[in-house]
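Undergrad: Input: one structure, supplied below.
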Amino acid sequence: MTQVARPAPRRLDAFELPSEPGNERLALARVAETVQGLGLSDARLEKLKTAVAEATMNAIEHGNGNRAEIPVEVEVTQQGDEIVVAISDQGGEAHPSDSSDSDAEEPDLLKKLDGAQSPRGWGLFLIRNMVDAMDITTNGQRHTIWLTVRTGGAAHGEHV
Amino acid sequence: MASMCEATTRVLPGAAVIELSGEVDGSAADVLTDAYRSAVGTNADLGTVVLDFAAVDYINSTGIALIVSVLARARAERRKVVASGLSAHYREIFDITRLSDFIELFPDLDRAVSQLTGPTA
């Protein structure tokens, strides 16, 4: 069987942001600018922006504890028809946003309306539904969420 | 770049309208709570609250949580919540979160109001 080698990943952008509430808007604006012209439909771009904003919020609040001096690192790469956004913080293994605590419980709107679940806790759920793949890795204190979107075809759950 | 959430309320026969603008995120908590209180007032007969998002450019997960809280309160008070003016992206988020199972969505405020209060002359 012949295997077709994948093209090497190409770094499109890398930047850091202070861990201050609201800076997720800076991340989404810069990523949107970076991926402009790479073939993402408007709908998929909006989804990527939401995913980047939510992942950056998690990194700022849960990973770095809103400590401005600890930066959130964002890297955008392209490999073939995939765009990958990696968002890293220093939350380590005990990252609250992906542990089994109540914030990471699968959100259930009916439970929330009945008061059996906090109204919050939508972040990871939204991210998972906005991108083609979401992966989380930890290496020591470094915690990274990887968001992958493809530039062709319909996005996860996309209305055609 | 960020624009704070603002709300304008008005009361129609049988329905209250909350027109939101700016960003519906964590900073919108007091605005939304106050707007709901102002819109509903002491009118126990007010059956429907319309949330208009036409001038909203950003909703995040915390904003979704605020909308859930408004919906929970309205349901406890036996009021219906409807929404208008959502972009296609946020309509999809209302679908994914199942908010649209509990909040009827209208393309724009005029259509929401005319449906709720009957056509205007």
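Ligands are numbered from 1 in the order shown, chains are lettered A, B, ... in the order of the structure tokens, and residues start at 1 in each chain.
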Output the contact residues of chain B with respect to chain A at a cut-off of 12 Å, based on only C-alpha atoms, as a VMD selection string.

TA: chain B and resid 1 to 4 23 25 to 27 57 to 76 87 to 103

Undergrad: Print the selection's residues with N, CA and C atoms to a file, as a compact mmCIF listing (two decimals), in the first residue's frame.

TA:
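So the final result, stored in out-v2.txt, reads:
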```
# COMPACT_ATOMS: atom_id res chain seq x y z
N MET B 1 -12.31 47.87 20.96
CA MET B 1 -12.97 46.85 20.17
C MET B 1 -14.21 46.32 20.90
N ALA B 2 -14.04 46.07 22.23
CA ALA B 2 -15.17 45.52 22.97
C ALA B 2 -16.26 46.58 23.13
N SER B 3 -17.51 46.17 23.01
CA SER B 3 -18.62 47.10 23.23
C SER B 3 -19.51 46.53 24.31
N MET B 4 -19.70 47.32 25.36
CA MET B 4 -20.47 46.86 26.51
C MET B 4 -21.91 46.57 26.10
N GLU B 23 -22.08 43.33 23.44
CA GLU B 23 -21.60 41.97 23.68
C GLU B 23 -22.34 41.34 24.85
N ASP B 25 -21.76 38.91 27.27
CA ASP B 25 -20.76 38.09 27.94
C ASP B 25 -20.91 38.32 29.44
N GLY B 26 -19.89 37.97 30.20
CA GLY B 26 -20.01 38.07 31.65
C GLY B 26 -20.35 39.47 32.12
N SER B 27 -19.90 40.47 31.38
CA SER B 27 -20.14 41.85 31.79
C SER B 27 -21.60 42.26 31.59
N ASP B 57 -23.21 41.75 18.72
CA ASP B 57 -22.18 41.24 17.81
C ASP B 57 -21.38 40.08 18.39
N TYR B 58 -21.63 39.73 19.65
CA TYR B 58 -20.82 38.67 20.26
C TYR B 58 -21.59 38.07 21.43
N ILE B 59 -21.69 36.76 21.46
CA ILE B 59 -22.26 36.04 22.61
C ILE B 59 -21.27 34.94 22.95
N ASN B 60 -20.84 34.88 24.21
CA ASN B 60 -19.95 33.77 24.57
C ASN B 60 -20.66 32.82 25.53
N SER B 61 -19.92 31.84 26.04
CA SER B 61 -20.55 30.81 26.88
C SER B 61 -21.13 31.41 28.16
N THR B 62 -20.50 32.46 28.67
CA THR B 62 -21.06 33.12 29.85
C THR B 62 -22.35 33.83 29.49
N GLY B 63 -22.41 34.40 28.30
CA GLY B 63 -23.65 35.01 27.83
C GLY B 63 -24.75 33.99 27.67
N ILE B 64 -24.39 32.82 27.15
CA ILE B 64 -25.38 31.73 27.05
C ILE B 64 -25.92 31.40 28.44
N ALA B 65 -25.02 31.35 29.43
CA ALA B 65 -25.45 31.06 30.81
C ALA B 65 -26.41 32.14 31.32
N LEU B 66 -26.16 33.39 30.95
CA LEU B 66 -27.07 34.46 31.38
C LEU B 66 -28.45 34.29 30.73
N ILE B 67 -28.45 33.91 29.47
CA ILE B 67 -29.73 33.69 28.78
C ILE B 67 -30.47 32.51 29.41
N VAL B 68 -29.72 31.47 29.79
CA VAL B 68 -30.33 30.33 30.49
C VAL B 68 -30.98 30.82 31.79
N SER B 69 -30.29 31.69 32.51
CA SER B 69 -30.83 32.20 33.78
C SER B 69 -32.11 33.01 33.56
N VAL B 70 -32.12 33.83 32.52
CA VAL B 70 -33.33 34.59 32.20
C VAL B 70 -34.48 33.64 31.86
N LEU B 71 -34.16 32.62 31.05
CA LEU B 71 -35.19 31.66 30.67
C LEU B 71 -35.71 30.91 31.89
N ALA B 72 -34.81 30.52 32.79
CA ALA B 72 -35.23 29.78 34.00
C ALA B 72 -36.16 30.66 34.83
N ARG B 73 -35.80 31.92 34.97
CA ARG B 73 -36.63 32.81 35.77
C ARG B 73 -38.00 33.00 35.12
N ALA B 74 -38.00 33.21 33.81
CA ALA B 74 -39.26 33.42 33.09
C ALA B 74 -40.15 32.18 33.20
N ARG B 75 -39.55 31.00 33.07
CA ARG B 75 -40.34 29.77 33.18
C ARG B 75 -40.94 29.63 34.58
N ALA B 76 -40.16 29.99 35.58
CA ALA B 76 -40.66 29.91 36.96
C ALA B 76 -41.84 30.86 37.15
N SER B 87 -28.03 36.08 14.42
CA SER B 87 -27.35 35.72 13.17
C SER B 87 -27.44 34.20 12.99
N ALA B 88 -27.13 33.75 11.78
CA ALA B 88 -27.17 32.31 11.51
C ALA B 88 -26.26 31.55 12.47
N HIS B 89 -25.11 32.12 12.78
CA HIS B 89 -24.15 31.46 13.68
C HIS B 89 -24.76 31.29 15.07
N TYR B 90 -25.35 32.34 15.59
CA TYR B 90 -25.90 32.22 16.94
C TYR B 90 -27.21 31.43 16.97
N ARG B 91 -27.95 31.43 15.86
CA ARG B 91 -29.11 30.53 15.78
C ARG B 91 -28.64 29.09 15.93
N GLU B 92 -27.53 28.78 15.28
CA GLU B 92 -27.00 27.42 15.38
C GLU B 92 -26.57 27.12 16.81
N ILE B 93 -25.99 28.09 17.48
CA ILE B 93 -25.60 27.86 18.88
C ILE B 93 -26.84 27.67 19.76
N PHE B 94 -27.89 28.40 19.47
CA PHE B 94 -29.15 28.17 20.20
C PHE B 94 -29.68 26.76 19.93
N ASP B 95 -29.46 26.25 18.70
CA ASP B 95 -29.88 24.88 18.39
C ASP B 95 -29.01 23.87 19.13
N ILE B 96 -27.71 24.06 19.08
CA ILE B 96 -26.77 23.10 19.69
C ILE B 96 -27.00 23.01 21.20
N THR B 97 -27.23 24.16 21.81
CA THR B 97 -27.43 24.18 23.27
C THR B 97 -28.85 23.77 23.66
N ARG B 98 -29.72 23.63 22.68
CA ARG B 98 -31.15 23.31 22.85
C ARG B 98 -31.95 24.50 23.39
N LEU B 99 -31.34 25.68 23.43
CA LEU B 99 -32.12 26.85 23.83
C LEU B 99 -33.31 27.05 22.90
N SER B 100 -33.13 26.69 21.63
CA SER B 100 -34.23 26.90 20.67
C SER B 100 -35.38 25.92 20.89
N ASP B 101 -35.19 24.90 21.75
CA ASP B 101 -36.31 24.04 22.13
C ASP B 101 -37.26 24.79 23.08
N PHE B 102 -36.72 25.78 23.75
CA PHE B 102 -37.50 26.49 24.78
C PHE B 102 -37.76 27.94 24.41
N ILE B 103 -37.00 28.46 23.46
CA ILE B 103 -37.13 29.86 23.05
C ILE B 103 -37.44 29.87 21.56
```

Undergrad: Just want the 8 Å neighbourhood of region 72-84 of chain A, counted on only C-alpha atoms, with same-chain residues fewer than 4 positions away dropped. Output as a PyMOL selection string.

TA: chain A and resi 6-19+27+31+34+56+59-60+64+88-89+146-152

Undergrad: Interatomic distance between CA of Arg128 (chain A) and CA of Ala55 (chain A)?

TA: 10.3 Å

Undergrad: If you run DSSP on the backbone, which residues of region 12-71 of chain A are helix (DSSP H, G or I), as a ChimeraX atom specification?

TA: /A:24-35,42-63

Undergrad: Would you please extract all strand (DSSP E or B) residues from region 33-117 of chain A, as assigned by DSSP on the backbone, and give them as number ranges by chain?

TA: A: 72-79, 82-89

Undergrad: Restricting the output to C-alpha atoms, write the selected residues as a PDB file, in the first residue's frame.

TA:
```
ATOM      1  CA  VAL A  72      -1.633  32.529  26.945  1.00  0.00           C
ATOM      2  CA  GLU A  73       0.233  31.281  23.881  1.00  0.00           C
ATOM      3  CA  VAL A  74      -1.548  30.917  20.549  1.00  0.00           C
ATOM      4  CA  GLU A  75      -0.114  29.234  17.476  1.00  0.00           C
ATOM      5  CA  VAL A  76      -1.815  28.848  14.113  1.00  0.00           C
ATOM      6  CA  THR A  77      -0.544  26.261  11.640  1.00  0.00           C
ATOM      7  CA  GLN A  78      -1.757  24.846   8.360  1.00  0.00           C
ATOM      8  CA  GLN A  79      -1.193  21.291   7.214  1.00  0.00           C
ATOM      9  CA  GLU A  82      -6.362  21.515   7.999  1.00  0.00           C
ATOM     10  CA  ILE A  83      -5.936  24.642  10.059  1.00  0.00           C
ATOM     11  CA  VAL A  84      -4.834  23.965  13.619  1.00  0.00           C
ATOM     12  CA  VAL A  85      -4.991  26.534  16.398  1.00  0.00           C
ATOM     13  CA  ALA A  86      -3.072  25.571  19.551  1.00  0.00           C
ATOM     14  CA  ILE A  87      -3.853  27.535  22.711  1.00  0.00           C
ATOM     15  CA  SER A  88      -1.560  26.917  25.680  1.00  0.00           C
ATOM     16  CA  ASP A  89      -1.592  27.902  29.321  1.00  0.00           C
TER      17      ASP A  89
END
```

Undergrad: From the list A:Asn58, A:Gln36, A:Asn139, A:Gln117, which residue is nearest Glu24 (chain A) when using only C-alpha atoms?

TA: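 Of all the options, A:Asn58 lies closest to Glu24 (chain A).
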
Undergrad: Find the spatial neighbours of Thr117 (chain B), counting only C-alpha atoms, within a cut-off of 8 Å - ignore same-chain residues fewer than 5 positions away - and output them as JSON, numbers by chain.

TA: {"B": [12, 13, 14, 15]}

Undergrad: Determine, counting only C-alpha atoms, which protein, DNA and RNA residues have an atom within 9 Å of an atom of Thr8 (chain B); residues of the same chain fewer than 3 positions away are not included. Present the result as a CSV table (one decimal) with C-alpha atoms, in the first residue's frame.

TA:
```
chain,number,residue,atom,x,y,z
B,17,VAL,CA,-39.3,43.7,24.5
B,18,ILE,CA,-35.6,43.8,25.6
B,19,GLU,CA,-33.5,45.1,22.8
B,20,LEU,CA,-29.9,44.2,23.4
B,21,SER,CA,-26.8,45.6,21.8
B,35,ALA,CA,-33.6,44.8,31.9
B,39,ALA,CA,-39.4,45.0,31.4
```

Undergrad: Record the distance separating CA of Ala133 (chain A) and CA of Leu38 (chain A), expressed in Å with one decimal.

TA: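 The value is 18.1 Å.
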
Undergrad: Using only C-alpha atoms, which protein or nucleic acid residues come within 10 Å of Ala44 (chain B)? Drop anything in the same chain fewer than 2 positions from it, and give the result as a list in words.

TA: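 Within the cut-off, the hits are Val40, Gly41, Thr42, Leu46, Gly47, Glu77, Arg78 and Arg79 of chain B.
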
Undergrad: Hey, can you spit out that residue selection with C-alpha atoms as a PDB file, in the first residue's frame?

TA:
```
ATOM      1  CA  VAL B  40     -41.549  42.666  33.493  1.00  0.00           C
ATOM      2  CA  GLY B  41     -42.089  45.066  36.369  1.00  0.00           C
ATOM      3  CA  THR B  42     -45.005  44.074  38.541  1.00  0.00           C
ATOM      4  CA  LEU B  46     -47.227  39.788  31.030  1.00  0.00           C
ATOM      5  CA  GLY B  47     -46.929  36.487  29.199  1.00  0.00           C
ATOM      6  CA  GLU B  77     -42.922  32.929  36.466  1.00  0.00           C
ATOM      7  CA  ARG B  78     -44.852  31.110  33.718  1.00  0.00           C
ATOM      8  CA  ARG B  79     -43.728  33.494  31.013  1.00  0.00           C
TER       9      ARG B  79
END
```

Undergrad: To one decimal in Å, tell me the separation between CA of Ala116 (chain A) and CA of Val31 (chain B).

TA: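 Value for the CA of Ala116 (chain A)-CA of Val31 (chain B) distance: 24.9 Å.
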
Undergrad: Env of Phe53 (chain B): 8 Å cut, atoms = only C-alpha atoms, seq-sep filter 2 positions within chain, self excluded. Answer as a CSV table (one decimal) with C-alpha atoms, in the first residue's frame.

TA:
```csv
chain,number,residue,atom,x,y,z
B,19,GLU,CA,-33.5,45.1,22.8
B,20,LEU,CA,-29.9,44.2,23.4
B,21,SER,CA,-26.8,45.6,21.8
B,51,LEU,CA,-35.0,39.2,23.6
B,55,ALA,CA,-27.6,44.7,17.5
B,56,VAL,CA,-25.5,42.1,19.4
B,83,ALA,CA,-35.8,35.7,20.6
B,84,SER,CA,-35.3,37.7,17.4
B,85,GLY,CA,-32.5,39.0,15.3
B,86,LEU,CA,-29.9,36.2,15.9
```

Undergrad: Neighbours of Gln141 (chain A) within 12 Å (only C-alpha atoms; same-chain residues fewer than 2 positions away dropped), as a PyMOL selection string?

TA: chain A and resi 63-64+70+88-95+137-139+143-144

Undergrad: Write a file of the just-selected residues containing N, CA and C atoms, as a CSV table (one decimal), in the first residue's frame.

TA:
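Resulting contents of again34.csv:
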```
chain,number,residue,atom,x,y,z
A,63,GLY,N,-6.8,28.1,33.4
A,63,GLY,CA,-5.4,27.7,33.2
A,63,GLY,C,-4.4,28.6,34.0
A,64,ASN,N,-4.5,29.9,33.7
A,64,ASN,CA,-3.6,30.8,34.3
A,64,ASN,C,-4.2,31.7,35.4
A,70,ILE,N,1.2,35.7,33.4
A,70,ILE,CA,1.4,34.4,32.7
A,70,ILE,C,0.7,34.4,31.4
A,88,SER,N,-2.3,27.5,24.5
A,88,SER,CA,-1.6,26.9,25.7
A,88,SER,C,-1.6,27.8,26.9
A,89,ASP,N,-1.7,27.2,28.1
A,89,ASP,CA,-1.6,27.9,29.3
A,89,ASP,C,-0.7,27.1,30.3
A,90,GLN,N,-0.7,27.5,31.5
A,90,GLN,CA,0.2,26.8,32.5
A,90,GLN,C,-0.6,26.1,33.5
A,91,GLY,N,-1.8,25.6,33.1
A,91,GLY,CA,-2.7,25.0,34.1
A,91,GLY,C,-2.3,23.6,34.5
A,92,GLY,N,-1.4,22.9,33.7
A,92,GLY,CA,-1.0,21.6,34.0
A,92,GLY,C,-2.0,20.5,34.0
A,93,GLU,N,-1.7,19.4,34.7
A,93,GLU,CA,-2.6,18.2,34.7
A,93,GLU,C,-4.0,18.5,35.4
A,94,ALA,N,-3.9,19.4,36.4
A,94,ALA,CA,-5.1,19.7,37.1
A,94,ALA,C,-6.0,20.8,36.5
A,95,HIS,N,-5.9,20.9,35.2
A,95,HIS,CA,-6.7,22.0,34.5
A,95,HIS,C,-8.2,21.8,34.8
A,137,THR,N,-3.7,18.3,25.4
A,137,THR,CA,-2.5,17.6,25.8
A,137,THR,C,-1.9,18.4,27.0
A,138,THR,N,-1.2,17.7,27.9
A,138,THR,CA,-0.5,18.4,28.9
A,138,THR,C,1.0,17.8,28.9
A,139,ASN,N,1.9,18.8,29.2
A,139,ASN,CA,3.3,18.4,29.3
A,139,ASN,C,3.9,19.2,30.4
A,143,HIS,N,-0.4,23.2,29.3
A,143,HIS,CA,-1.7,22.6,28.9
A,143,HIS,C,-2.1,23.2,27.6
A,144,THR,N,-2.4,22.4,26.6
A,144,THR,CA,-2.7,22.9,25.3
A,144,THR,C,-4.0,22.3,24.8
```
